[in-house]
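This is input.pdb. It holds PDB, C-alpha atoms, pLDDT in the B column.
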ATOM      1  CA  MET V   1     -12.026 -24.420  46.490  1.00 43.00           C
ATOM      2  CA  ASP V   2      -9.216 -22.153  45.367  1.00 47.00           C
ATOM      3  CA  GLU V   3     -10.532 -19.068  43.593  1.00 57.00           C
ATOM      4  CA  GLN V   4      -8.277 -17.865  40.799  1.00 70.00           C
ATOM      5  CA  LEU V   5      -7.703 -14.111  40.543  1.00 84.00           C
ATOM      6  CA  PHE V   6      -8.702 -12.339  37.381  1.00 86.00           C
ATOM      7  CA  ASP V   7      -5.633 -11.464  35.290  1.00 88.00           C
ATOM      8  CA  PHE V   8      -6.021  -7.846  34.145  1.00 86.00           C
ATOM      9  CA  THR V   9      -2.755  -8.017  32.188  1.00 89.00           C
ATOM     10  CA  THR V  10      -4.448 -10.361  29.689  1.00 93.00           C
ATOM     11  CA  ALA V  11      -7.994  -8.931  29.960  1.00 95.00           C
ATOM     12  CA  LYS V  12      -9.902  -8.515  26.706  1.00 97.00           C
ATOM     13  CA  THR V  13     -13.479  -7.909  25.693  1.00 97.00           C
ATOM     14  CA  VAL V  14     -15.408 -10.817  24.191  1.00 97.00           C
ATOM     15  CA  THR V  15     -14.446  -9.475  20.755  1.00 98.00           C
ATOM     16  CA  GLY V  16     -10.730  -9.401  21.618  1.00 97.00           C
ATOM     17  CA  PHE V  17     -10.081  -5.726  22.402  1.00 98.00           C
ATOM     18  CA  THR V  18      -7.763  -4.774  25.269  1.00 96.00           C
ATOM     19  CA  LEU V  19      -8.989  -1.979  27.530  1.00 94.00           C
ATOM     20  CA  GLU V  20      -6.451   0.363  25.932  1.00 95.00           C
ATOM     21  CA  GLN V  21      -7.865  -0.491  22.502  1.00 97.00           C
ATOM     22  CA  VAL V  22     -11.442  -0.014  23.768  1.00 97.00           C
ATOM     23  CA  ILE V  23     -10.638   3.532  24.874  1.00 96.00           C
ATOM     24  CA  ALA V  24      -8.977   4.316  21.532  1.00 97.00           C
ATOM     25  CA  GLU V  25     -11.946   2.924  19.537  1.00 97.00           C
ATOM     26  CA  LEU V  26     -14.502   4.834  21.612  1.00 97.00           C
ATOM     27  CA  GLN V  27     -12.678   8.107  20.945  1.00 95.00           C
ATOM     28  CA  LYS V  28     -12.167   7.648  17.190  1.00 95.00           C
ATOM     29  CA  PRO V  29     -13.881  10.235  14.993  1.00 94.00           C
ATOM     30  CA  LEU V  30     -17.019   9.003  13.282  1.00 94.00           C
ATOM     31  CA  PRO V  31     -18.181   9.874   9.758  1.00 94.00           C
ATOM     32  CA  ALA V  32     -19.108  13.562   9.498  1.00 92.00           C
ATOM     33  CA  SER V  33     -22.775  12.638   9.078  1.00 93.00           C
ATOM     34  CA  ALA V  34     -22.780  11.287  12.663  1.00 94.00           C
ATOM     35  CA  TYR V  35     -22.475  14.818  14.085  1.00 91.00           C
ATOM     36  CA  LYS V  36     -25.399  17.250  14.096  1.00 92.00           C
ATOM     37  CA  PRO V  37     -26.102  20.504  15.926  1.00 88.00           C
ATOM     38  CA  VAL V  38     -28.337  20.141  18.974  1.00 85.00           C
ATOM     39  CA  PRO V  39     -31.637  21.834  18.052  1.00 82.00           C
ATOM     40  CA  GLY V  40     -31.889  25.210  19.749  1.00 78.00           C
ATOM     41  CA  ALA V  41     -28.266  25.115  20.913  1.00 75.00           C
ATOM     42  CA  SER V  42     -26.094  25.715  17.845  1.00 68.00           C
ATOM     43  CA  ASP V  43     -22.816  25.448  19.776  1.00 82.00           C
ATOM     44  CA  LEU V  44     -23.562  21.916  21.022  1.00 88.00           C
ATOM     45  CA  THR V  45     -23.065  18.777  18.959  1.00 90.00           C
ATOM     46  CA  ASP V  46     -25.337  15.744  19.002  1.00 88.00           C
ATOM     47  CA  ILE V  47     -23.948  12.318  18.053  1.00 91.00           C
ATOM     48  CA  ASP V  48     -26.161   9.897  16.120  1.00 93.00           C
ATOM     49  CA  PRO V  49     -26.835   7.101  18.660  1.00 94.00           C
ATOM     50  CA  ALA V  50     -26.745   4.376  16.002  1.00 95.00           C
ATOM     51  CA  TYR V  51     -22.970   4.802  15.890  1.00 96.00           C
ATOM     52  CA  LEU V  52     -22.680   4.114  19.620  1.00 96.00           C
ATOM     53  CA  THR V  53     -24.505   0.802  19.220  1.00 96.00           C
ATOM     54  CA  GLU V  54     -22.271  -0.102  16.275  1.00 97.00           C
ATOM     55  CA  VAL V  55     -19.013   0.764  18.074  1.00 97.00           C
ATOM     56  CA  ALA V  56     -20.087  -0.802  21.408  1.00 98.00           C
ATOM     57  CA  THR V  57     -20.955  -4.031  19.589  1.00 98.00           C
ATOM     58  CA  LYS V  58     -17.635  -3.971  17.734  1.00 98.00           C
ATOM     59  CA  VAL V  59     -15.503  -3.481  20.853  1.00 98.00           C
ATOM     60  CA  PHE V  60     -17.535  -5.278  23.566  1.00 98.00           C
ATOM     61  CA  GLY V  61     -19.626  -7.807  21.620  1.00 98.00           C
ATOM     62  CA  PRO V  62     -23.373  -8.139  21.206  1.00 98.00           C
ATOM     63  CA  ALA V  63     -25.666  -6.208  23.516  1.00 97.00           C
ATOM     64  CA  GLY V  64     -26.860  -8.513  26.263  1.00 97.00           C
ATOM     65  CA  PHE V  65     -23.629 -10.493  26.259  1.00 97.00           C
ATOM     66  CA  GLY V  66     -20.587  -8.224  25.778  1.00 98.00           C
ATOM     67  CA  TRP V  67     -22.326  -5.159  27.224  1.00 98.00           C
ATOM     68  CA  TRP V  68     -25.756  -4.478  28.644  1.00 98.00           C
ATOM     69  CA  PHE V  69     -27.786  -2.019  30.659  1.00 98.00           C
ATOM     70  CA  ASP V  70     -30.538  -2.200  33.211  1.00 98.00           C
ATOM     71  CA  PHE V  71     -32.709   0.127  35.229  1.00 98.00           C
ATOM     72  CA  HIS V  72     -35.348  -0.206  37.911  1.00 98.00           C
ATOM     73  CA  PRO V  73     -38.835   0.670  36.623  1.00 96.00           C
ATOM     74  CA  THR V  74     -39.317   3.135  39.486  1.00 98.00           C
ATOM     75  CA  ASP V  75     -36.340   5.117  38.139  1.00 98.00           C
ATOM     76  CA  LEU V  76     -38.247   5.922  34.944  1.00 98.00           C
ATOM     77  CA  VAL V  77     -40.649   8.826  35.414  1.00 98.00           C
ATOM     78  CA  ILE V  78     -43.030   9.878  32.652  1.00 98.00           C
ATOM     79  CA  ALA V  79     -45.032  13.083  32.778  1.00 98.00           C
ATOM     80  CA  ALA V  80     -47.539  14.473  30.298  1.00 98.00           C
ATOM     81  CA  GLU V  81     -48.126  18.164  29.649  1.00 97.00           C
ATOM     82  CA  ALA V  82     -50.876  19.640  27.506  1.00 97.00           C
ATOM     83  CA  ARG V  83     -49.644  22.428  25.235  1.00 94.00           C
ATOM     84  CA  THR V  84     -51.086  24.729  22.621  1.00 95.00           C
ATOM     85  CA  ALA V  85     -49.182  25.588  19.459  1.00 93.00           C
ATOM     86  CA  LYS V  86     -49.176  29.108  17.986  1.00 94.00           C
ATOM     87  CA  SER V  87     -51.606  27.770  15.394  1.00 95.00           C
ATOM     88  CA  GLY V  88     -54.046  26.873  18.179  1.00 95.00           C
ATOM     89  CA  ARG V  89     -53.492  23.118  17.841  1.00 95.00           C
ATOM     90  CA  GLU V  90     -53.568  21.384  21.198  1.00 96.00           C
ATOM     91  CA  TYR V  91     -51.138  18.547  21.792  1.00 96.00           C
ATOM     92  CA  THR V  92     -49.474  16.583  24.575  1.00 97.00           C
ATOM     93  CA  VAL V  93     -45.758  16.408  25.266  1.00 97.00           C
ATOM     94  CA  TYR V  94     -44.453  13.434  27.221  1.00 98.00           C
ATOM     95  CA  THR V  95     -41.317  13.896  29.273  1.00 98.00           C
ATOM     96  CA  ALA V  96     -39.399  10.761  30.225  1.00 98.00           C
ATOM     97  CA  SER V  97     -36.707  11.012  32.880  1.00 98.00           C
ATOM     98  CA  LEU V  98     -34.538   8.034  33.720  1.00 98.00           C
ATOM     99  CA  HIS V  99     -32.987   8.679  37.111  1.00 98.00           C
ATOM    100  CA  LYS V 100     -30.551   5.737  37.110  1.00 98.00           C
ATOM    101  CA  LEU V 101     -29.382   3.437  34.343  1.00 98.00           C
ATOM    102  CA  VAL V 102     -26.643   0.875  35.008  1.00 98.00           C
ATOM    103  CA  LEU V 103     -24.265  -0.141  32.207  1.00 98.00           C
ATOM    104  CA  ARG V 104     -21.910  -3.124  32.450  1.00 98.00           C
ATOM    105  CA  TYR V 105     -19.506  -4.949  30.150  1.00 97.00           C
ATOM    106  CA  ARG V 106     -17.753  -8.314  30.185  1.00 97.00           C
ATOM    107  CA  LEU V 107     -14.030  -9.066  30.105  1.00 97.00           C
ATOM    108  CA  LEU V 108     -12.192 -12.368  29.692  1.00 96.00           C
ATOM    109  CA  ASP V 109      -8.636 -13.168  30.728  1.00 94.00           C
ATOM    110  CA  ALA V 110      -6.197 -15.611  29.113  1.00 94.00           C
ATOM    111  CA  THR V 111      -7.295 -18.418  31.465  1.00 92.00           C
ATOM    112  CA  GLY V 112     -10.948 -18.011  30.446  1.00 89.00           C
ATOM    113  CA  GLN V 113     -12.014 -16.320  33.660  1.00 93.00           C
ATOM    114  CA  THR V 114     -14.873 -13.850  33.196  1.00 95.00           C
ATOM    115  CA  LEU V 115     -15.159 -10.494  34.911  1.00 95.00           C
ATOM    116  CA  VAL V 116     -18.233  -8.285  34.781  1.00 96.00           C
ATOM    117  CA  SER V 117     -17.461  -4.604  35.230  1.00 94.00           C
ATOM    118  CA  GLU V 118     -18.614  -2.597  38.172  1.00 95.00           C
ATOM    119  CA  PRO V 119     -21.781  -0.608  37.415  1.00 97.00           C
ATOM    120  CA  ILE V 120     -21.419   2.527  35.340  1.00 98.00           C
ATOM    121  CA  THR V 121     -24.384   4.706  36.254  1.00 98.00           C
ATOM    122  CA  ALA V 122     -25.990   7.506  34.290  1.00 98.00           C
ATOM    123  CA  THR V 123     -29.203   9.465  33.902  1.00 98.00           C
ATOM    124  CA  GLY V 124     -31.127  10.485  30.812  1.00 98.00           C
ATOM    125  CA  GLY V 125     -34.146  12.383  29.626  1.00 97.00           C
ATOM    126  CA  ASN V 126     -36.193  13.248  26.581  1.00 96.00           C
ATOM    127  CA  ASP V 127     -39.517  14.692  25.539  1.00 96.00           C
ATOM    128  CA  ASN V 128     -41.707  13.907  22.589  1.00 97.00           C
ATOM    129  CA  GLU V 129     -45.334  13.975  21.497  1.00 97.00           C
ATOM    130  CA  VAL V 130     -45.217  10.167  21.348  1.00 98.00           C
ATOM    131  CA  GLU V 131     -44.781   8.627  24.805  1.00 98.00           C
ATOM    132  CA  SER V 132     -42.776   5.597  23.663  1.00 98.00           C
ATOM    133  CA  TYR V 133     -40.383   7.848  21.715  1.00 98.00           C
ATOM    134  CA  ALA V 134     -39.832   9.947  24.835  1.00 98.00           C
ATOM    135  CA  VAL V 135     -38.959   6.778  26.785  1.00 98.00           C
ATOM    136  CA  ARG V 136     -36.693   5.514  24.008  1.00 97.00           C
ATOM    137  CA  GLY V 137     -34.961   8.896  23.889  1.00 97.00           C
ATOM    138  CA  ALA V 138     -34.407   8.887  27.650  1.00 98.00           C
ATOM    139  CA  LEU V 139     -32.854   5.408  27.438  1.00 98.00           C
ATOM    140  CA  THR V 140     -30.668   6.397  24.499  1.00 96.00           C
ATOM    141  CA  ASN V 141     -29.589   9.560  26.312  1.00 96.00           C
ATOM    142  CA  ALA V 142     -28.669   7.616  29.465  1.00 98.00           C
ATOM    143  CA  ILE V 143     -26.776   4.916  27.540  1.00 98.00           C
ATOM    144  CA  GLY V 144     -24.762   7.632  25.783  1.00 96.00           C
ATOM    145  CA  ALA V 145     -24.031   9.293  29.130  1.00 97.00           C
ATOM    146  CA  ALA V 146     -22.838   5.988  30.589  1.00 98.00           C
ATOM    147  CA  PHE V 147     -20.565   5.277  27.615  1.00 97.00           C
ATOM    148  CA  ALA V 148     -19.238   8.853  27.849  1.00 96.00           C
ATOM    149  CA  LYS V 149     -17.715   7.750  31.176  1.00 97.00           C
ATOM    150  CA  LEU V 150     -15.750   5.188  29.131  1.00 96.00           C
ATOM    151  CA  THR V 151     -14.532   8.092  26.907  1.00 95.00           C
ATOM    152  CA  TRP V 152     -17.144   7.645  24.138  1.00 95.00           C
ATOM    153  CA  GLN V 153     -16.517  10.517  21.711  1.00 93.00           C
ATOM    154  CA  LEU V 154     -14.361  12.377  24.267  1.00 90.00           C
ATOM    155  CA  PRO V 155     -13.059  14.848  21.628  1.00 89.00           C
ATOM    156  CA  VAL V 156     -16.669  16.069  21.155  1.00 89.00           C
ATOM    157  CA  TYR V 157     -17.176  16.581  24.904  1.00 88.00           C
ATOM    158  CA  LYS V 158     -13.829  18.396  25.106  1.00 91.00           C
ATOM    159  CA  GLY V 159     -14.833  20.738  22.275  1.00 86.00           C
ATOM    160  CA  GLN V 160     -12.125  19.466  19.904  1.00 90.00           C
ATOM    161  CA  LEU V 161     -14.583  17.888  17.435  1.00 87.00           C
ATOM    162  CA  SER V 162     -18.044  19.124  16.502  1.00 83.00           C
ATOM    163  CA  HIS V 163     -20.638  19.222  13.750  1.00 88.00           C
ATOM    164  CA  ARG V 164     -18.813  22.337  12.504  1.00 83.00           C
ATOM    165  CA  ASN V 165     -15.392  20.713  11.930  1.00 88.00           C
ATOM    166  CA  ALA V 166     -16.199  16.989  11.516  1.00 83.00           C
ATOM    167  CA  ALA V 167     -15.815  17.110   7.737  1.00 80.00           C
TER     168      ALA V 167
END

As C-alpha cells - that is how I would like this structure written.
Amino acid sequence: MDEQLFDFTTAKTVTGFTLEQVIAELQKPLPASAYKPVPGASDLTDIDPAYLTEVATKVFGPAGFGWWFDFHPTDLVIAAEARTAKSGREYTVYTASLHKLVLRYRLLDATGQTLVSEPITATGGNDNEVESYAVRGALTNAIGAAFAKLTWQLPVYKGQLSHRNAA
C-alpha cells in the first residue's frame, strides 16, 4: 500500500485555519476584562482561562476532536496541608501538581489526510481549600502553559500587554 505524504502547504485545522492564522489568532489581544493582576504579584498578569477554551475551539475545533489533552494519573500529585488562619480558624489547603500534561491538535490537508501534532508537554499547579478546585486549577494552568508554546497570548508573556494597559 502506498502511503501518501501529508501536504503541509495545504494544512488547516478542522475549522479551516492555516497554521499562520492559528498563530495570529492565539496572539490577538482579548477584551480588557480577560486580564487581571496575579494575586500577590502585582507586576504579573493572569489571563482568564475561559478565553483560551473559546479561542482554541474557534481555531482548532471542539475539544476532544480538534484539540485535546491527556495526562497519566501518576503525574498528578495532590498534597494536603493543615493551616491556621490569623483568626485561629483551622483549614486544609490542597496542592495539586501536574508533572506532565500532553496537548495535541489535528490538521487536515487538501486531500483529506489527517495529521495529529506531536505532543506539546507542559506542567501545572494550583492550591485551594477545595481539593477538586486545586486539581482543576492545576489542569487549567498546564493547558495554558502548553498553549503558550503555540504563542497563546505571547504579547502578555513578552511584557507588551498586561492588566495595566489592556484597556

Item to check | Contacts of Thr57 (chain V) within 12 Å, only C-alpha atoms, excl. fewer than 5 positions in-chain, as a VMD selection string | outcome: chain V and resid 13 to 17 22 25 to 26 50 to 52 62 to 68 105 to 106

Item to check | Pick from V:Pro39, V:Lys12, V:Val116, V:Leu44 nearest to Arg164 (chain V), counting all atoms listed in the file | outcome: V:Leu44

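Across the model, the gap from CA of Ala32 (chain V) to CA of Ser162 (chain V) is 9.0 Å.
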
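In this structure, CA of Glu131 (chain V) sits 22.8 Å away from CA of Ala146 (chain V).
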
Checklist entry - Which protein, DNA or RNA residues are at most 9 Å from (-5.8, -10.7, 34.6) in the file's coordinates when you count all atoms listed in the file, listed as an MDAnalysis selection string? => result chainID V and resid 5:11 108:111 113

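Within 12 Å of Trp152 (chain V), once only C-alpha atoms are used and residues closer than 6 positions along the same chain are dropped, the contacting residues are V:Val22, V:Ile23, V:Ala24, V:Glu25, V:Leu26, V:Gln27, V:Lys28, V:Pro29, V:Leu30, V:Ile47, V:Pro49, V:Tyr51, V:Leu52, V:Thr53, V:Val55, V:Ala56, V:Val59, V:Ile143, V:Gly144, V:Ala145, V:Ala146, V:Lys158.
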
Next on the checklist: Using all atoms listed in the file for the distances, tell me which of V:Phe147, V:Ala122, V:Asp127, V:Phe71 is nearest to Thr92 (chain V).
Outcome noted: V:Asp127

Taking all listed atoms of region 128-147 of chain V, build the axis-aligned box, pad each of the six sides by 6 Å, then write its centre and edge lengths in Å to one decimal as lines of an AutoDock Vina configuration file.
center_x = -32.9
center_y = 9.4
center_z = 26.0
size_x = 36.8
size_y = 21.1
size_z = 21.2
